[in-house]
Each structure stands twice: as structure tokens, then as C-alpha cells.
Amino acid sequence: MARIKLEFPDNAFSFETRMPVRITDINGANHLGNDALISMLSEARAQFLVEHGIEEADQNGTGIIVTDLATMYQGESFYPDMLRFEVGLMDFNKYGGDFVFRVTKADTGQSVAMAKYGFVFFNYKTREVTPMPESFRSRFAG
């Protein structure tokens, strides 16, 4: 089976946040577990949205739902490393696009992971995919 290879241009990233690797993020191999990294990616995405004043779901019940996730691990991370999460948006379509992530060790710049979340806008009341709001498209896709 072919390995996933993720590459994003430097200008794809428009936001950054930092998070420490907690002792509870360490797995049996004594490094950052993949489940913990995925949770940290979700936190970085949430911080990106908050930074831009975007709520997870609006008053009409429309919000973002994750459609797929790809992660390419590049290096180990350990407790208590401080990780730098760079976040951006790209590959827009009528309904959504991709959140992209670059994760490095904050002190050394050593690569830890690259990831992407596919997303679409979803109406949680009607349980249907809905077109991307024009306010979101003009802000990020334009």
C-alpha cells in the first residue's frame, strides 16, 4: 500500500498556536500518541476558528463537519515538548475544503507531522450538507 505524502506551500498557513505535550498524551511507546495528536489538531482548528470569529455552528444550525483526515508522521515528540501548530485553509469547493496543518517542535523546528482535515458545511438541524456560506468563502477562498 502506498504511503500518504502531504506537502503544503508555506503560504498555506495563516495561523499558529502552541500546545504542550502532556503526560496523558504519551502512549505505551513513550512518545506522543496518534490519538492525542488528532485531538491537538482539533484544538488547533478550533483556535483558528475562534481567532477569526467563526462559531462552530451558527444560529441556523449550520457548522463545519470533518469528512476525512490524513496524517503523515515525521518525527517523535515527547513529554513535555512544546509543539507549534500552523493552520491554514486550501482546496475549496462548493461545500467546503481542507484545513491543513504543519506540526513542529517549537524550540528546534523539528518536524513532527503534517495533516489535513477535509470539511464541508453541514446543517445539524436538517442533517444535510449545505453550500459554503458566502461570508466564509469571501474571507478565506477569495
# chains A, B, ... in the order shown; residues from 1 in each chain; ligands from 1

$ closest_atom_pairs --of "region 72-113 of chain A" --to "region 29-32 of chain A" --cutoff "9 Å" --atoms "only C-alpha atoms" --output "Markdown table"
| residue | atom | partner | partner_atom | distance |
| --- | --- | --- | --- | --- |
| A:Glu76 | CA | A:His31 | CA | 6.3 |
| A:Ser77 | CA | A:Leu32 | CA | 5.4 |
| A:Phe78 | CA | A:His31 | CA | 4.9 |
| A:Tyr79 | CA | A:His31 | CA | 7.3 |

$ write_last_selection --atoms "N, CA and C atoms" --output "PDB file, in the first residue's frame"
ATOM      1  N   GLU A  76       9.151  11.843  16.233  1.00  0.00           N
ATOM      2  CA  GLU A  76       8.578  11.626  17.555  1.00  0.00           C
ATOM      3  C   GLU A  76       8.528  12.928  18.349  1.00  0.00           C
ATOM      4  N   SER A  77       7.613  12.940  19.289  1.00  0.00           N
ATOM      5  CA  SER A  77       7.527  14.031  20.249  1.00  0.00           C
ATOM      6  C   SER A  77       7.307  13.407  21.619  1.00  0.00           C
ATOM      7  N   PHE A  78       7.828  14.068  22.635  1.00  0.00           N
ATOM      8  CA  PHE A  78       7.829  13.518  23.984  1.00  0.00           C
ATOM      9  C   PHE A  78       7.317  14.539  24.995  1.00  0.00           C
ATOM     10  N   TYR A  79       6.902  14.055  26.153  1.00  0.00           N
ATOM     11  CA  TYR A  79       6.584  14.928  27.277  1.00  0.00           C
ATOM     12  C   TYR A  79       7.879  15.559  27.761  1.00  0.00           C
TER      13      TYR A  79
END

$ residues_around --residues "Phe8 (chain A)" --least-positions-apart "3" --cutoff "9 Å" --atoms "only C-alpha atoms" --output "list in words"
Asn11, Ala12, Phe13, Val100, Phe101, Arg102 and Met114 of chain A

$ residues_around --residues "Phe92 (chain A)" --least-positions-apart "3" --cutoff "12 Å" --atoms "only C-alpha atoms" --output "count of residues only"
20

$ residues_around --residues "Glu51 (chain A)" --least-positions-apart "4" --cutoff "12 Å" --atoms "only C-alpha atoms" --output "list in words"
Ser14, Phe15, Glu16, Thr17, Ala44, Arg45, Ala46, Gln47, Glu55 and Val87 of chain A

$ residues_around --residues "Gly63 (chain A)" --least-positions-apart "6" --cutoff "7 Å" --atoms "only C-alpha atoms" --output "list in words"
Glu56, Ala57, Phe121, Phe122 and Asn123 of chain A

$ residues_around --residues "Met40 (chain A)" --least-positions-apart "5" --cutoff "10 Å" --atoms "only C-alpha atoms" --output "MDAnalysis selection string"
chainID A and resid 18:21 25 34:35 45:46 83 85 103

$ write_last_selection --atoms "N, CA and C atoms" --output "mmCIF file, in the first residue's frame"
data_model
loop_
_atom_site.group_PDB
_atom_site.id
_atom_site.type_symbol
_atom_site.label_atom_id
_atom_site.label_comp_id
_atom_site.auth_asym_id
_atom_site.auth_seq_id
_atom_site.Cartn_x
_atom_site.Cartn_y
_atom_site.Cartn_z
ATOM 1 N N ARG A 18 0.492 27.242 19.933
ATOM 2 C CA ARG A 18 1.418 26.307 20.581
ATOM 3 C C ARG A 18 0.689 25.551 21.674
ATOM 4 N N MET A 19 1.054 24.284 21.811
ATOM 5 C CA MET A 19 0.475 23.441 22.851
ATOM 6 C C MET A 19 1.549 22.511 23.390
ATOM 7 N N PRO A 20 1.534 22.277 24.693
ATOM 8 C CA PRO A 20 2.498 21.336 25.261
ATOM 9 C C PRO A 20 2.023 19.894 25.113
ATOM 10 N N VAL A 21 2.970 18.996 24.991
ATOM 11 C CA VAL A 21 2.646 17.567 25.066
ATOM 12 C C VAL A 21 2.480 17.258 26.556
ATOM 13 N N ASP A 25 -0.727 12.502 27.086
ATOM 14 C CA ASP A 25 -0.649 12.354 25.633
ATOM 15 C C ASP A 25 0.345 11.279 25.211
ATOM 16 N N ASN A 34 -0.877 8.826 18.573
ATOM 17 C CA ASN A 34 -1.595 9.374 17.423
ATOM 18 C C ASN A 34 -2.967 9.903 17.819
ATOM 19 N N ASP A 35 -3.631 9.279 18.765
ATOM 20 C CA ASP A 35 -4.932 9.771 19.212
ATOM 21 C C ASP A 35 -4.816 11.148 19.857
ATOM 22 N N ARG A 45 -7.516 23.661 15.189
ATOM 23 C CA ARG A 45 -8.579 24.082 14.275
ATOM 24 C C ARG A 45 -9.576 24.970 14.997
ATOM 25 N N ALA A 46 -9.976 24.579 16.208
ATOM 26 C CA ALA A 46 -10.931 25.372 16.990
ATOM 27 C C ALA A 46 -10.352 26.745 17.317
ATOM 28 N N LEU A 83 4.762 22.089 21.220
ATOM 29 C CA LEU A 83 4.565 21.929 19.782
ATOM 30 C C LEU A 83 3.961 23.193 19.173
ATOM 31 N N PHE A 85 1.736 24.503 16.096
ATOM 32 C CA PHE A 85 0.746 24.080 15.116
ATOM 33 C C PHE A 85 0.481 25.245 14.176
ATOM 34 N N VAL A 103 3.011 20.563 12.005
ATOM 35 C CA VAL A 103 3.327 20.465 13.429
ATOM 36 C C VAL A 103 4.831 20.285 13.574
#

$ atom_distance --atom1 "CA of Arg3 (chain A)" --atom2 "CA of Asp81 (chain A)"
26.7 Å

$ select_by_dssp --residues "region 5-64 of chain A" --states "alpha helix (DSSP H)" --output "PyMOL selection string"
chain A and resi 34-51

$ write_last_selection --atoms "C-alpha atoms" --output "PDB file, in the first residue's frame"
ATOM      1  CA  ASN A  34      -1.595   9.374  17.423  1.00  0.00           C
ATOM      2  CA  ASP A  35      -4.932   9.771  19.212  1.00  0.00           C
ATOM      3  CA  ALA A  36      -3.533  12.663  21.256  1.00  0.00           C
ATOM      4  CA  LEU A  37      -2.121  14.330  18.147  1.00  0.00           C
ATOM      5  CA  ILE A  38      -5.527  14.156  16.437  1.00  0.00           C
ATOM      6  CA  SER A  39      -7.105  15.810  19.492  1.00  0.00           C
ATOM      7  CA  MET A  40      -4.439  18.529  19.360  1.00  0.00           C
ATOM      8  CA  LEU A  41      -5.175  19.116  15.664  1.00  0.00           C
ATOM      9  CA  SER A  42      -8.850  19.572  16.551  1.00  0.00           C
ATOM     10  CA  GLU A  43      -7.886  22.081  19.226  1.00  0.00           C
ATOM     11  CA  ALA A  44      -5.680  24.000  16.768  1.00  0.00           C
ATOM     12  CA  ARG A  45      -8.579  24.082  14.275  1.00  0.00           C
ATOM     13  CA  ALA A  46     -10.931  25.372  16.990  1.00  0.00           C
ATOM     14  CA  GLN A  47      -8.439  28.091  17.977  1.00  0.00           C
ATOM     15  CA  PHE A  48      -8.119  29.101  14.305  1.00  0.00           C
ATOM     16  CA  LEU A  49     -11.899  29.496  14.046  1.00  0.00           C
ATOM     17  CA  VAL A  50     -12.114  31.475  17.308  1.00  0.00           C
ATOM     18  CA  GLU A  51      -9.284  33.761  16.140  1.00  0.00           C
TER      19      GLU A  51
END

$ select_by_dssp --residues "region 27-79 of chain A" --states "strand (DSSP E)" --output "PyMOL selection string"
chain A and resi 62-73
